[in-house]
$ cat start.txt   # compact mmCIF, C-alpha atoms
# COMPACT_ATOMS: atom_id res chain seq x y z
CA MET I 159 0.00 0.00 0.00
CA SER I 160 1.24 3.45 -0.87
CA THR I 161 0.61 4.72 2.65
CA LEU I 162 3.40 2.44 3.91
CA LYS I 163 5.96 4.30 1.81
CA LYS I 164 5.81 7.23 4.19
CA SER I 165 8.68 7.70 6.64
CA GLU I 166 6.23 8.55 9.44
CA ILE I 167 3.43 6.25 10.53
CA SER I 168 0.58 6.92 12.94
CA PRO I 169 0.15 4.74 16.05
CA ALA I 170 -3.18 3.47 14.68
CA GLN I 171 -1.57 2.41 11.42
CA ALA I 172 1.35 0.78 13.26
CA ARG I 173 -1.15 -1.24 15.29
CA ARG I 174 -3.00 -2.27 12.12
CA ILE I 175 0.27 -3.34 10.48
CA ALA I 176 1.24 -5.40 13.55
CA LEU I 177 -2.15 -7.12 13.75
CA THR I 178 -2.07 -7.97 10.05
CA ALA I 179 1.45 -9.41 10.29
CA GLN I 180 0.35 -11.54 13.24
CA GLY I 181 -2.65 -13.03 11.44
CA PHE I 182 -5.43 -10.96 12.98
CA ASN I 183 -6.55 -9.36 9.73
CA GLY I 184 -10.11 -10.41 8.98
CA LEU I 185 -10.78 -13.07 11.60
CA THR I 186 -13.32 -15.58 10.31
CA ARG I 187 -12.74 -18.54 12.64
CA ASP I 188 -15.33 -20.76 10.99
CA GLY I 189 -14.16 -23.89 12.82
CA ASN I 190 -13.31 -25.87 9.67
CA ILE I 191 -9.56 -25.98 10.36
CA SER I 192 -7.22 -28.40 8.59
CA THR I 193 -3.55 -29.23 9.10
CA ALA I 194 -2.78 -26.85 6.23
CA HIS I 195 -4.37 -23.98 8.18
CA LEU I 196 -2.32 -24.84 11.25
CA ARG I 197 0.92 -25.06 9.29
CA ARG I 198 0.31 -21.73 7.58
CA SER I 199 -0.47 -20.02 10.85
CA ILE I 200 2.64 -21.37 12.60
CA GLY I 201 4.69 -20.44 9.54
CA GLN I 202 3.35 -16.91 9.66
CA LEU I 203 4.22 -16.56 13.34
CA GLY I 204 7.57 -18.31 12.97
CA VAL I 205 7.48 -19.64 16.54
CA LEU I 206 5.07 -20.98 19.16
CA GLN I 207 6.22 -20.57 22.76
CA ILE I 208 5.84 -23.60 25.01
CA ASP I 209 5.13 -23.26 28.72
CA SER I 210 4.50 -25.79 31.47
CA VAL I 211 1.57 -23.96 33.11
CA ASN I 212 -1.63 -25.89 32.43
CA VAL I 213 -4.23 -24.07 34.51
CA LEU I 214 -6.25 -23.50 31.32
CA ILE I 215 -4.46 -25.29 28.47
CA ARG I 216 -0.84 -25.55 27.34
CA ALA I 217 0.34 -22.23 25.97
CA HIS I 218 1.25 -23.35 22.43
CA TYR I 219 -2.34 -24.32 21.61
CA LEU I 220 -3.88 -20.91 22.33
CA PRO I 221 -2.31 -18.63 19.67
CA LEU I 222 -3.77 -20.85 16.95
CA PHE I 223 -7.19 -20.79 18.61
CA SER I 224 -7.00 -16.99 18.86
CA ARG I 225 -6.42 -16.70 15.11
CA LEU I 226 -8.29 -19.67 13.69
CA GLY I 227 -10.99 -20.48 16.21
CA SER I 228 -11.88 -23.99 17.33
CA TYR I 229 -9.67 -26.70 15.90
CA ASP I 230 -8.88 -30.31 16.67
CA ARG I 231 -5.80 -30.17 18.90
CA THR I 232 -4.81 -33.71 17.92
CA LEU I 233 -4.13 -32.31 14.44
CA LEU I 234 -1.44 -30.13 15.94
CA ASP I 235 -0.02 -32.94 18.08
CA THR I 236 0.01 -35.63 15.40
CA ASP I 237 -0.33 -34.59 11.76
CA THR I 238 1.08 -31.08 12.00
CA ILE I 239 4.05 -31.84 14.26
CA ALA I 240 4.78 -35.54 14.74
CA LYS I 241 4.00 -36.93 11.29
CA SER I 242 4.94 -33.99 9.10
CA LYS I 243 8.38 -33.36 10.65
CA ARG I 244 7.81 -29.71 9.76
CA PHE I 245 8.46 -28.44 13.27
CA PHE I 246 10.92 -29.08 16.08
CA GLU I 247 11.40 -27.95 19.66
CA TYR I 248 14.30 -25.78 20.73
CA TRP I 249 15.12 -22.47 22.39
CA GLY I 250 13.61 -19.90 20.04
CA HIS I 251 11.61 -17.46 22.11
CA ALA I 252 12.16 -19.42 25.33
CA ALA I 253 11.19 -23.08 24.79
CA SER I 254 9.42 -23.09 21.44
CA LEU I 255 8.03 -25.01 18.52
CA LEU I 256 9.79 -23.79 15.38
CA PRO I 257 9.59 -24.47 11.63
CA MET I 258 12.17 -27.10 10.71
CA ASP I 259 14.05 -24.80 8.33
CA CYS I 260 14.89 -22.63 11.33
CA GLN I 261 17.18 -25.31 12.81
CA PRO I 262 20.36 -24.30 10.92
CA LEU I 263 19.73 -20.69 11.95
CA LEU I 264 20.00 -21.65 15.62
CA ARG I 265 23.22 -23.64 15.47
CA TRP I 266 25.20 -20.60 16.63
CA ARG I 267 23.19 -20.84 19.86
CA MET I 268 23.98 -24.55 20.11
CA ASP I 269 27.70 -23.87 19.51
CA ARG I 270 27.76 -21.28 22.28
CA ALA I 271 25.96 -23.66 24.64
CA LEU I 272 28.57 -26.30 23.81
CA ARG I 273 31.14 -23.86 25.24
CA GLY I 274 28.94 -23.16 28.27
CA GLU I 275 27.86 -19.75 26.99
CA GLY I 276 24.31 -18.37 26.92
CA VAL I 277 22.89 -21.12 29.13
CA TRP I 278 21.60 -21.12 32.69
CA THR I 279 24.31 -20.98 35.33
CA GLN I 280 23.53 -24.45 36.68
CA LEU I 281 24.12 -25.96 33.22
CA GLN I 282 27.53 -24.37 32.58
CA PRO I 283 29.66 -26.96 34.48
CA PHE I 284 28.59 -29.69 32.05
CA ALA I 285 30.38 -27.91 29.21
CA LYS I 286 33.74 -28.31 30.96
CA ALA I 287 34.34 -29.62 34.48
CA ARG I 288 31.46 -32.10 34.44
CA ARG I 289 31.50 -32.92 30.73
CA ALA I 290 32.13 -36.62 31.42
CA GLU I 291 28.77 -36.91 33.19
CA ALA I 292 26.94 -35.44 30.23
CA ASP I 293 28.88 -37.65 27.82
CA ALA I 294 27.80 -40.72 29.79
CA ILE I 295 24.14 -39.74 29.39
CA LEU I 296 24.71 -39.11 25.69
CA ARG I 297 26.13 -42.63 25.31
CA ARG I 298 23.07 -44.13 27.04
CA ILE I 299 20.69 -42.32 24.70
CA ALA I 300 22.76 -43.43 21.70
CA ALA I 301 22.62 -47.04 22.88
CA GLU I 302 19.09 -47.26 24.28
CA GLY I 303 17.12 -44.83 22.12
CA PRO I 304 14.65 -42.15 23.26
CA LEU I 305 14.89 -41.35 26.97
CA ALA I 306 13.58 -38.71 29.34
CA ALA I 307 15.39 -37.38 32.39
CA SER I 308 13.15 -39.50 34.64
CA ASP I 309 14.24 -42.63 32.76
CA LEU I 310 17.83 -41.87 33.67
CA SER I 311 17.11 -40.87 37.25
CA PRO I 312 13.74 -41.27 39.02
CA ALA I 313 14.36 -38.06 40.94
CA ALA I 314 14.73 -36.12 37.69
CA GLY I 315 11.07 -36.15 36.69
CA PRO I 316 8.90 -33.04 36.75
CA THR I 317 7.83 -31.78 40.15
CA THR I 318 4.19 -31.99 41.17
CA LYS I 319 4.41 -28.83 43.26
CA GLY I 320 3.75 -26.33 40.49
CA ALA I 321 5.56 -24.58 37.66
CA ALA I 322 7.06 -21.92 39.92
CA LYS I 323 9.17 -24.55 41.72
CA GLU I 324 9.89 -26.81 38.77
CA MET I 325 13.38 -25.50 37.97
CA TRP I 326 14.48 -25.88 41.58
CA ALA I 327 13.33 -29.51 41.67
CA TRP I 328 15.60 -30.49 38.79
CA SER I 329 18.18 -33.14 39.51
CA GLU I 330 21.77 -33.07 38.28
CA VAL I 331 20.77 -35.55 35.59
CA LYS I 332 18.12 -33.10 34.39
CA HIS I 333 20.71 -30.32 34.29
CA ALA I 334 23.08 -32.47 32.26
CA ILE I 335 20.45 -33.61 29.78
CA GLU I 336 19.18 -30.06 29.40
CA TRP I 337 22.69 -28.89 28.52
CA LEU I 338 22.95 -31.67 25.93
CA PHE I 339 19.67 -30.45 24.43
CA TRP I 340 20.67 -26.78 24.49
CA SER I 341 23.98 -27.59 22.81
CA GLY I 342 22.26 -29.57 20.05
CA GLN I 343 23.79 -32.93 20.91
CA ILE I 344 20.32 -34.39 21.46
CA ALA I 345 16.91 -33.35 20.17
CA SER I 346 13.41 -33.58 21.57
CA THR I 347 11.28 -36.30 20.04
CA HIS I 348 8.09 -35.30 21.86
CA ARG I 349 6.70 -34.48 25.29
CA ARG I 350 4.90 -36.97 27.47
CA GLY I 351 1.53 -36.36 29.06
CA SER I 352 3.38 -35.05 32.11
CA PHE I 353 4.95 -32.47 29.77
CA GLU I 354 8.38 -34.06 30.24
CA ARG I 355 10.64 -33.94 27.18
CA VAL I 356 11.86 -37.19 25.60
CA TYR I 357 15.26 -36.98 23.87
CA ASP I 358 17.12 -38.85 21.15
CA LEU I 359 20.08 -38.24 18.87
CA PRO I 360 19.44 -35.48 16.28
CA GLU I 361 20.01 -37.88 13.37
CA ARG I 362 17.11 -40.01 14.65
CA VAL I 363 14.78 -37.04 15.09
CA LEU I 364 15.50 -34.38 12.47
CA PRO I 365 15.17 -34.85 8.67
CA ARG I 366 18.39 -35.64 6.83
CA THR I 367 17.95 -32.63 4.57
CA VAL I 368 17.96 -30.34 7.59
CA LEU I 369 21.01 -31.96 9.17
CA ALA I 370 22.86 -31.77 5.84
CA HIS I 371 22.12 -28.08 5.39
CA PRO I 372 25.29 -25.97 5.65
CA THR I 373 25.73 -24.12 8.93
CA PRO I 374 25.60 -20.35 8.34
CA SER I 375 27.86 -17.95 10.18
CA ALA I 376 26.43 -16.46 13.37
CA VAL I 377 25.94 -13.08 11.66
CA ASP I 378 24.17 -14.62 8.65
CA ALA I 379 21.95 -16.73 10.89
CA GLN I 380 21.07 -13.82 13.14
CA ARG I 381 20.29 -11.65 10.11
CA ALA I 382 17.91 -14.33 8.84
CA LEU I 383 16.26 -14.60 12.26
CA LEU I 384 15.86 -10.82 12.51
CA ALA I 385 14.31 -10.82 9.04
CA ARG I 386 11.82 -13.45 10.20
CA SER I 387 11.10 -11.38 13.29
CA ALA I 388 10.47 -8.31 11.15
CA LYS I 389 8.07 -10.17 8.88
CA ALA I 390 6.18 -11.71 11.82
CA LEU I 391 5.91 -8.35 13.61
CA GLY I 392 5.32 -6.09 10.59
CA ILE I 393 6.69 -3.03 12.32
CA ALA I 394 9.06 -3.14 15.28
CA THR I 395 11.89 -1.55 17.21
CA GLU I 396 15.35 -3.12 17.46
CA GLU I 397 14.44 -4.46 20.89
CA ASP I 398 11.23 -6.01 19.52
CA LEU I 399 13.14 -7.67 16.68
CA ARG I 400 15.84 -9.24 18.81
CA ASP I 401 13.39 -10.32 21.53
CA TYR I 402 11.39 -12.45 19.08
CA TYR I 403 14.16 -15.08 18.86
CA ARG I 404 16.05 -13.83 21.95
CA ILE I 405 19.13 -12.62 20.07
CA PRO I 406 21.66 -10.97 22.43
CA ALA I 407 21.81 -7.18 22.16
CA ALA I 408 25.55 -7.32 21.44
CA ASP I 409 24.90 -9.35 18.27
CA VAL I 410 22.19 -7.22 16.69
CA ARG I 411 23.87 -4.11 15.28
CA LEU I 412 25.65 -5.58 12.23
CA PRO I 413 22.87 -7.88 10.94
CA LEU I 414 20.32 -5.11 11.49
CA GLU I 415 22.41 -2.69 9.42
CA GLN I 416 22.69 -5.33 6.71
CA LEU I 417 18.91 -5.80 6.59
CA VAL I 418 18.46 -2.04 6.15
CA GLU I 419 21.10 -1.96 3.39
CA GLU I 420 19.38 -4.86 1.61
CA GLY I 421 16.01 -3.09 1.83
CA ILE I 422 14.40 -5.93 3.76
CA ILE I 423 13.50 -3.54 6.57
CA ILE I 424 12.88 0.18 6.22
CA PRO I 425 13.60 2.69 9.01
CA VAL I 426 10.44 4.66 9.81
CA ARG I 427 9.14 6.85 12.59
CA VAL I 428 5.99 5.99 14.52
CA ARG I 429 4.47 9.01 16.19
CA GLY I 430 4.69 8.62 19.95
CA TRP I 431 7.39 5.95 19.84
CA ARG I 432 10.71 7.10 21.30
CA GLN I 433 12.67 4.31 19.60
CA GLN I 434 13.57 3.95 15.94
CA ALA I 435 11.06 1.70 14.19
CA TYR I 436 11.63 -0.67 11.27
CA LEU I 437 8.99 -1.66 8.73
CA HIS I 438 9.28 -4.96 6.87
CA ARG I 439 9.22 -4.36 3.13
CA ASP I 440 6.25 -6.73 2.68
CA ALA I 441 4.24 -5.33 5.58
CA ARG I 442 0.76 -4.05 4.91
CA ALA I 443 -1.98 -2.47 6.93
CA GLY I 444 -4.93 -4.81 6.55
CA ARG I 445 -8.27 -3.15 5.95
CA LYS I 446 -10.23 -5.47 8.23
CA ILE I 447 -9.19 -5.89 11.85
CA ASP I 448 -12.60 -6.36 13.42
CA GLY I 449 -13.28 -9.48 15.44
CA ALA I 450 -12.66 -10.85 18.92
CA ALA I 451 -9.96 -13.06 20.39
CA LEU I 452 -8.69 -14.06 23.82
CA LEU I 453 -4.89 -13.94 23.90
CA SER I 454 -2.53 -16.29 25.70
CA PRO I 455 -0.01 -14.61 28.01
CA PHE I 456 2.58 -16.20 25.70
CA ASP I 457 1.06 -15.02 22.42
CA PRO I 458 3.72 -13.42 20.17
CA LEU I 459 1.43 -10.43 19.67
CA ILE I 460 1.83 -9.45 23.33
CA TRP I 461 4.69 -11.46 24.87
CA HIS I 462 7.07 -8.47 24.74
CA ARG I 463 5.35 -6.28 27.32
CA SER I 464 6.92 -2.92 26.37
CA ARG I 465 5.78 -3.47 22.77
CA THR I 466 2.28 -4.28 24.00
CA GLU I 467 2.18 -0.94 25.82
CA ARG I 468 3.43 0.92 22.73
CA LEU I 469 0.97 -0.74 20.38
CA PHE I 470 -2.16 -0.94 22.52
CA ASP I 471 -1.61 1.49 25.40
CA PHE I 472 -2.20 -1.57 27.58
CA ARG I 473 0.02 -2.42 30.54
CA TYR I 474 0.18 -6.17 30.99
CA ARG I 475 2.23 -8.27 33.39
CA LEU I 476 2.21 -12.01 34.02
CA GLU I 477 1.47 -12.50 37.71
CA ILE I 478 1.98 -16.26 37.99
CA TYR I 479 4.99 -15.79 40.26
CA THR I 480 3.47 -12.90 42.20
CA PRO I 481 2.11 -13.85 45.66
CA ALA I 482 -1.66 -14.25 45.48
CA HIS I 483 -2.41 -11.33 47.79
CA LYS I 484 -0.33 -8.99 45.63
CA ARG I 485 -1.85 -9.89 42.26
CA GLU I 486 -3.66 -7.05 40.56
CA HIS I 487 -5.53 -8.98 37.89
CA GLY I 488 -5.02 -12.68 38.62
CA TYR I 489 -2.94 -15.80 38.09
CA TYR I 490 -3.45 -16.68 34.40
CA VAL I 491 -4.84 -13.59 32.74
CA LEU I 492 -5.85 -13.50 29.09
CA PRO I 493 -6.17 -10.06 27.44
CA PHE I 494 -9.25 -9.66 25.25
CA LEU I 495 -8.69 -8.27 21.76
CA LEU I 496 -11.73 -6.67 20.13
CA ASP I 497 -11.72 -4.82 16.79
CA GLY I 498 -8.01 -4.10 16.97
CA ALA I 499 -7.87 -2.92 20.60
CA ILE I 500 -7.29 -4.71 23.90
CA VAL I 501 -10.42 -3.86 25.86
CA ALA I 502 -10.56 -6.31 28.79
CA ARG I 503 -8.71 -9.07 30.61
CA VAL I 504 -9.92 -12.24 32.33
CA ASP I 505 -8.23 -14.61 34.77
CA LEU I 506 -9.31 -18.09 33.66
CA LYS I 507 -9.04 -21.63 34.94
CA GLY I 508 -10.22 -24.85 33.36
CA ASP I 509 -11.67 -27.25 35.93
CA ARG I 510 -11.64 -30.49 33.96
CA GLN I 511 -13.10 -32.57 36.78
CA SER I 512 -16.32 -30.54 36.88
CA GLY I 513 -16.20 -29.57 33.20
CA THR I 514 -16.24 -25.86 34.04
CA LEU I 515 -14.47 -22.81 32.68
CA ILE I 516 -13.98 -20.66 35.77
CA VAL I 517 -13.72 -16.89 35.48
CA GLN I 518 -11.60 -16.05 38.51
CA ARG I 519 -11.47 -12.33 37.83
CA ALA I 520 -12.46 -9.99 35.02
CA HIS I 521 -11.64 -6.38 34.26
CA VAL I 522 -12.82 -4.07 31.48
CA GLU I 523 -10.51 -1.29 30.28
CA PRO I 524 -11.73 2.33 30.77
CA ASN I 525 -12.28 3.10 27.08
CA ALA I 526 -13.81 -0.24 26.12
CA PRO I 527 -16.84 -0.03 23.80
CA LEU I 528 -20.32 -0.82 25.09
CA HIS I 529 -20.48 -4.14 23.24
CA THR I 530 -17.34 -5.48 25.00
CA ILE I 531 -19.26 -7.60 27.52
CA GLU I 532 -21.43 -9.21 24.86
CA HIS I 533 -18.43 -10.19 22.74
CA LEU I 534 -16.38 -11.32 25.73
CA ILE I 535 -19.11 -13.69 26.89
CA GLN I 536 -19.45 -15.02 23.36
CA GLU I 537 -15.70 -15.63 23.22
CA LEU I 538 -15.72 -17.39 26.58
CA ARG I 539 -18.43 -19.72 25.32
CA LEU I 540 -16.36 -20.48 22.23
CA LEU I 541 -13.29 -21.18 24.38
CA ALA I 542 -15.21 -23.43 26.77
CA ALA I 543 -16.66 -25.45 23.92
CA TRP I 544 -13.22 -25.86 22.32
CA LEU I 545 -11.79 -27.06 25.63
CA GLY I 546 -14.65 -29.53 26.08
CA LEU I 547 -15.97 -27.73 29.16
CA SER I 548 -19.76 -27.83 29.48
CA SER I 549 -20.31 -24.77 31.67
CA ILE I 550 -18.89 -21.39 32.64
CA ALA I 551 -18.89 -20.08 36.19
CA VAL I 552 -17.78 -16.91 37.93
CA ALA I 553 -15.64 -17.68 40.98
CA SER I 554 -16.68 -14.61 42.94
CA VAL I 555 -18.87 -11.63 42.14
CA ALA I 556 -16.45 -9.51 44.17
CA ALA I 557 -13.68 -10.36 41.72
CA ILE I 558 -15.64 -9.03 38.73
CA ASP I 559 -15.34 -5.50 37.40
CA PRO I 560 -18.45 -3.41 38.24
CA LEU I 561 -18.96 -2.88 34.51
CA LEU I 562 -19.55 -6.63 34.25
CA ALA I 563 -22.76 -6.54 36.28
CA ALA I 564 -24.42 -8.77 33.69
CA PHE I 565 -21.56 -11.23 33.98
CA ARG I 566 -23.28 -13.70 36.32
CA ASP I 567 -23.65 -17.45 36.24
CA ASP I 568 -27.27 -17.14 35.11
CA SER I 569 -26.14 -15.13 32.07
CA LEU I 570 -23.96 -18.01 30.91
CA PRO I 571 -25.88 -21.11 29.82
CA ALA I 572 -24.90 -24.54 31.08
CA SER I 573 -24.07 -25.45 27.49
CA ALA I 574 -20.92 -23.43 26.80
CA GLY I 575 -21.35 -23.81 23.08
CA ALA I 576 -24.83 -22.33 23.05

$ encode --input "start.txt" --output "C-alpha cells"
Amino acid sequence: MSTLKKSEISPAQARRIALTAQGFNGLTRDGNISTAHLRRSIGQLGVLQIDSVNVLIRAHYLPLFSRLGSYDRTLLDTDTIAKSKRFFEYWGHAASLLPMDCQPLLRWRMDRALRGEGVWTQLQPFAKARRAEADAILRRIAAEGPLAASDLSPAAGPTTKGAAKEMWAWSEVKHAIEWLFWSGQIASTHRRGSFERVYDLPERVLPRTVLAHPTPSAVDAQRALLARSAKALGIATEEDLRDYYRIPAADVRLPLEQLVEEGIIIPVRVRGWRQQAYLHRDARAGRKIDGAALLSPFDPLIWHRSRTERLFDFRYRLEIYTPAHKREHGYYVLPFLLDGAIVARVDLKGDRQSGTLIVQRAHVEPNAPLHTIEHLIQELRLLAAWLGLSSIAVASVAAIDPLLAAFRDDSLPASAGA
C-alpha cells in the first residue's frame, strides 16, 4: 500500500500493520480448520512458545485458537508436528516449537551452549568440568534410544508442586540432559503427558535434509532470524526484533544494518514511539481488523510487554509468580482483543473434573466499547466449547469488574457452546 511508503506512521496504522502481520486481519474462525491452516499459521508466526503452566491449556495451543478459532488439537499434536516433521522444539523465544528450516539458523546458539555460553548458570559446568557426566548420558541415549530425564534418574522427573518450583526440583541428571539439548547434541522427540521432554540423537529425530544443510555464520543466521522477526511483527523496534528469537543485544547491530542496506527492513518513525522503528518491506496495513480473540499470556502479539504498551496502550504483566495477595488482575490472565484494541482481561481456569471454565477475575478497560461484555461472553463460550468444558462459572462476584454486572452465572448457559 502506498501509505506504507511514508517515513512517518501513525500509532493506529502501526497497530493495524502489527495485527495484520500476526494473522489478525479479517478473523473468520469458521471452525473448519485443517492441518494446512495450522501449518500456515505457525509459519506466519515463525514460533510458538511452550510453557508448562496448564491451569487453562498448554500455551502453544492458544495462539492458533485466537487466530483460527476452534480446531482439533490432535491435528497439531500428530499430523502437524509428529507426522509432518515440519516443526521441532528448541530455544527460540524461550522453549518453542519452530519451523524445521529454522534449525540451521539456531546452530550458533547450540555452539555457544557447547562452550557453556548463553545457558543457565547451573548448566555451565557440564560444558567443561562435568562434561564426562553429560557424555555418559549421551552414550546411554545413543545405545538405548529415546529417553527422558526420569528414565535416567527417578528423581529427575517433573515436580508436582507447580511450575514456579519446577526449575528448583531439577536433579543433576536433568541439568546435564538439558545442557545436551541446548547444545544440540540431542533433540526432543516429543513431550509426554506429564509435559516431560523425551530426547534422542538429532540424526534419529530431524530430517536428513535439515542436518545436511550448511551451517551459516552467526551473523548470517542472526540476520535471517531478525528478518523473520520483522516479517512476523510487521513493524518493530530493534528491541522487539531481537526479543522475538532472543538474540543478544551485542549481536544485533551488524545484521540489522545489513537488513536495512538490503532493503528488507525500512527505518520509519511511529508518532509517539521514542525508539527507531523498522517496517518490513512486505508489511501491509490490513483493511479489516474487526473481530474478537482471547490472547494467551505467551502469544507473540503481546509477549514483549513494552511493545504491548506501545501498540495498545495496555500495561500487561504475568502474575503467575506474584504472591496471590499482591496480584492485581489474577494468576493466568488473558487479554481480550476486540476490533483491533485490547479492551478487557480475564483470569481463567479450566476445571476439567467438573467440566467448568472458571472466570476467577475480570476487568474491562476504561475506554472499552459498550459491546465489550457481549463479545467477551461469546468468546468465553467459544473457548469453553473448544476445551470440552460444558459450563462457565464466575468464581466470585467480588472479583468481577463493576462494569460486568451482567456477567453472572445465570447469564452463561450450562451449554458453553450455546

$ residues_near_point --input "start.txt" --point "(-16.6, -3.6, 22.0)" --cutoff "9 Å" --atoms "all atoms listed in the file" --output "list in words"
Ala450, Leu496, Asp497, Ala499, Val501, Ala526, Pro527, Leu528, His529, Thr530, Ile531, Glu532, His533 and Leu534 of chain I

$ closest_residue --input "start.txt" --among "I:Arg198, I:Arg432, I:Lys243, I:Arg386" --to "I:Leu263" --atoms "all atoms listed in the file"
I:Arg386

$ closest_residue --input "start.txt" --among "I:Ser224, I:Ser308, I:Ser192, I:Ser512" --to "I:Val356" --atoms "only C-alpha atoms"
I:Ser308

$ closest_residue --input "start.txt" --among "I:Asp398, I:Leu541, I:His483, I:Ala385" --to "I:Gly421" --atoms "only C-alpha atoms"
I:Ala385

$ atom_distance --input "start.txt" --atom1 "atom CA of I:Gly513" --atom2 "atom CA of I:Leu547"
4.4 Å

$ atom_distance --input "start.txt" --atom1 "atom CA of I:Leu206" --atom2 "atom CA of I:Val517"
25.2 Å

$ residues_around --input "start.txt" --residues "I:Pro262" --least-positions-apart "5" --cutoff "9 Å" --atoms "only C-alpha atoms" --output "PyMOL selection string"
chain I and resi 368-369+371-374+379

$ write_last_selection --input "start.txt" --atoms "C-alpha atoms" --output "mmCIF file, keeping the file's coordinate frame"
data_model
loop_
_atom_site.group_PDB
_atom_site.id
_atom_site.type_symbol
_atom_site.label_atom_id
_atom_site.label_comp_id
_atom_site.auth_asym_id
_atom_site.auth_seq_id
_atom_site.Cartn_x
_atom_site.Cartn_y
_atom_site.Cartn_z
ATOM 1 C CA VAL I 368 17.960 -30.340 7.590
ATOM 2 C CA LEU I 369 21.010 -31.960 9.170
ATOM 3 C CA HIS I 371 22.120 -28.080 5.390
ATOM 4 C CA PRO I 372 25.290 -25.970 5.650
ATOM 5 C CA THR I 373 25.730 -24.120 8.930
ATOM 6 C CA PRO I 374 25.600 -20.350 8.340
ATOM 7 C CA ALA I 379 21.950 -16.730 10.890
#

$ closest_atom_pairs --input "start.txt" --of "stretch 176-240 of chain I" --to "stretch 332-352 of chain I" --cutoff "12 Å" --atoms "all atoms listed in the file" --output "Markdown table"
| residue | atom | partner | partner_atom | distance |
| --- | --- | --- | --- | --- |
| I:Ile208 | CA | I:Arg349 | CA | 10.9 |
| I:Asp209 | CA | I:Arg349 | CA | 11.8 |
| I:Ser210 | CA | I:Ser352 | CA | 9.3 |
| I:Val211 | CA | I:Ser352 | CA | 11.3 |
| I:Asn212 | CA | I:Ser352 | CA | 10.4 |
| I:Arg216 | CA | I:Gly351 | CA | 11.2 |
| I:Asp235 | CA | I:His348 | CA | 9.3 |
| I:Thr236 | CA | I:His348 | CA | 10.4 |
| I:Ile239 | CA | I:His348 | CA | 9.3 |
| I:Ala240 | CA | I:His348 | CA | 7.9 |

$ write_last_selection --input "start.txt" --atoms "C-alpha atoms" --output "PDB file, in the frame of the given file"
ATOM      1  CA  ILE I 208       5.840 -23.600  25.010  1.00  0.00           C
ATOM      2  CA  ASP I 209       5.130 -23.260  28.720  1.00  0.00           C
ATOM      3  CA  SER I 210       4.500 -25.790  31.470  1.00  0.00           C
ATOM      4  CA  VAL I 211       1.570 -23.960  33.110  1.00  0.00           C
ATOM      5  CA  ASN I 212      -1.630 -25.890  32.430  1.00  0.00           C
ATOM      6  CA  ARG I 216      -0.840 -25.550  27.340  1.00  0.00           C
ATOM      7  CA  ASP I 235      -0.020 -32.940  18.080  1.00  0.00           C
ATOM      8  CA  THR I 236       0.010 -35.630  15.400  1.00  0.00           C
ATOM      9  CA  ILE I 239       4.050 -31.840  14.260  1.00  0.00           C
ATOM     10  CA  ALA I 240       4.780 -35.540  14.740  1.00  0.00           C
TER      11      ALA I 240
END

$ atom_distance --input "start.txt" --atom1 "atom CA of I:Tyr403" --atom2 "atom CA of I:Leu296"
27.1 Å

$ residues_near_point --input "start.txt" --point "(19.6, -10.9, 7.1)" --cutoff "8 Å" --atoms "all atoms listed in the file" --output "list in words"
Asp378, Ala379, Gln380, Arg381, Ala382, Leu383, Leu384, Ala385, Pro413, Leu414, Gln416, Leu417 and Ile422 of chain I

$ axis_aligned_box --input "start.txt" --around "stretch 471-477 of chain I" --padding-each-side "3 Å" --output "lines of an AutoDock Vina configuration file"
center_x = 0.0
center_y = -5.5
center_z = 31.6
size_x = 10.4
size_y = 20.0
size_z = 18.3

$ residues_around --input "start.txt" --residues "I:Trp544" --least-positions-apart "5" --cutoff "9 Å" --atoms "all atoms listed in the file" --output "PyMOL selection string"
chain I and resi 223+227-230+539+575

$ residues_around --input "start.txt" --residues "I:Ile460" --least-positions-apart "4" --cutoff "10 Å" --atoms "only C-alpha atoms" --output "list in words"
Leu453, Ser454, Pro455, Phe456, Ser464, Arg465, Thr466, Glu467, Leu469, Phe470, Phe472, Tyr474 and Pro493 of chain I

$ closest_residue --input "start.txt" --among "I:Leu515, I:Ala394, I:Ile535, I:Ala194" --to "I:Trp431" --atoms "all atoms listed in the file"
I:Ala394

$ residues_around --input "start.txt" --residues "I:Val331" --least-positions-apart "6" --cutoff "12 Å" --atoms "only C-alpha atoms" --output "PyMOL selection string"
chain I and resi 280-281+284+288+291-296+305-315+337-338

$ decode --input "start.txt" --residues "stretch 225-233 of chain I" --atoms "N, CA and C atoms" --output "mmCIF file, in the first residue's frame"
data_model
loop_
_atom_site.group_PDB
_atom_site.id
_atom_site.type_symbol
_atom_site.label_atom_id
_atom_site.label_comp_id
_atom_site.auth_asym_id
_atom_site.auth_seq_id
_atom_site.Cartn_x
_atom_site.Cartn_y
_atom_site.Cartn_z
ATOM 1 N N ARG I 225 -6.401 -17.121 16.509
ATOM 2 C CA ARG I 225 -6.418 -16.697 15.113
ATOM 3 C C ARG I 225 -7.374 -17.502 14.242
ATOM 4 N N LEU I 226 -7.531 -18.781 14.555
ATOM 5 C CA LEU I 226 -8.295 -19.669 13.686
ATOM 6 C C LEU I 226 -9.630 -20.105 14.270
ATOM 7 N N GLY I 227 -9.788 -19.974 15.571
ATOM 8 C CA GLY I 227 -10.988 -20.479 16.213
ATOM 9 C C GLY I 227 -10.818 -21.935 16.607
ATOM 10 N N SER I 228 -11.926 -22.603 16.860
ATOM 11 C CA SER I 228 -11.884 -23.992 17.330
ATOM 12 C C SER I 228 -11.237 -24.903 16.301
ATOM 13 N N TYR I 229 -10.309 -25.715 16.771
ATOM 14 C CA TYR I 229 -9.669 -26.700 15.897
ATOM 15 C C TYR I 229 -9.381 -27.949 16.712
ATOM 16 N N ASP I 230 -9.172 -29.033 16.026
ATOM 17 C CA ASP I 230 -8.877 -30.310 16.668
ATOM 18 C C ASP I 230 -7.409 -30.296 17.110
ATOM 19 N N ARG I 231 -7.174 -30.281 18.403
ATOM 20 C CA ARG I 231 -5.804 -30.173 18.899
ATOM 21 C C ARG I 231 -4.962 -31.394 18.552
ATOM 22 N N THR I 232 -5.598 -32.529 18.310
ATOM 23 C CA THR I 232 -4.813 -33.705 17.917
ATOM 24 C C THR I 232 -4.176 -33.502 16.548
ATOM 25 N N LEU I 233 -4.755 -32.626 15.726
ATOM 26 C CA LEU I 233 -4.134 -32.309 14.438
ATOM 27 C C LEU I 233 -2.790 -31.628 14.639
#
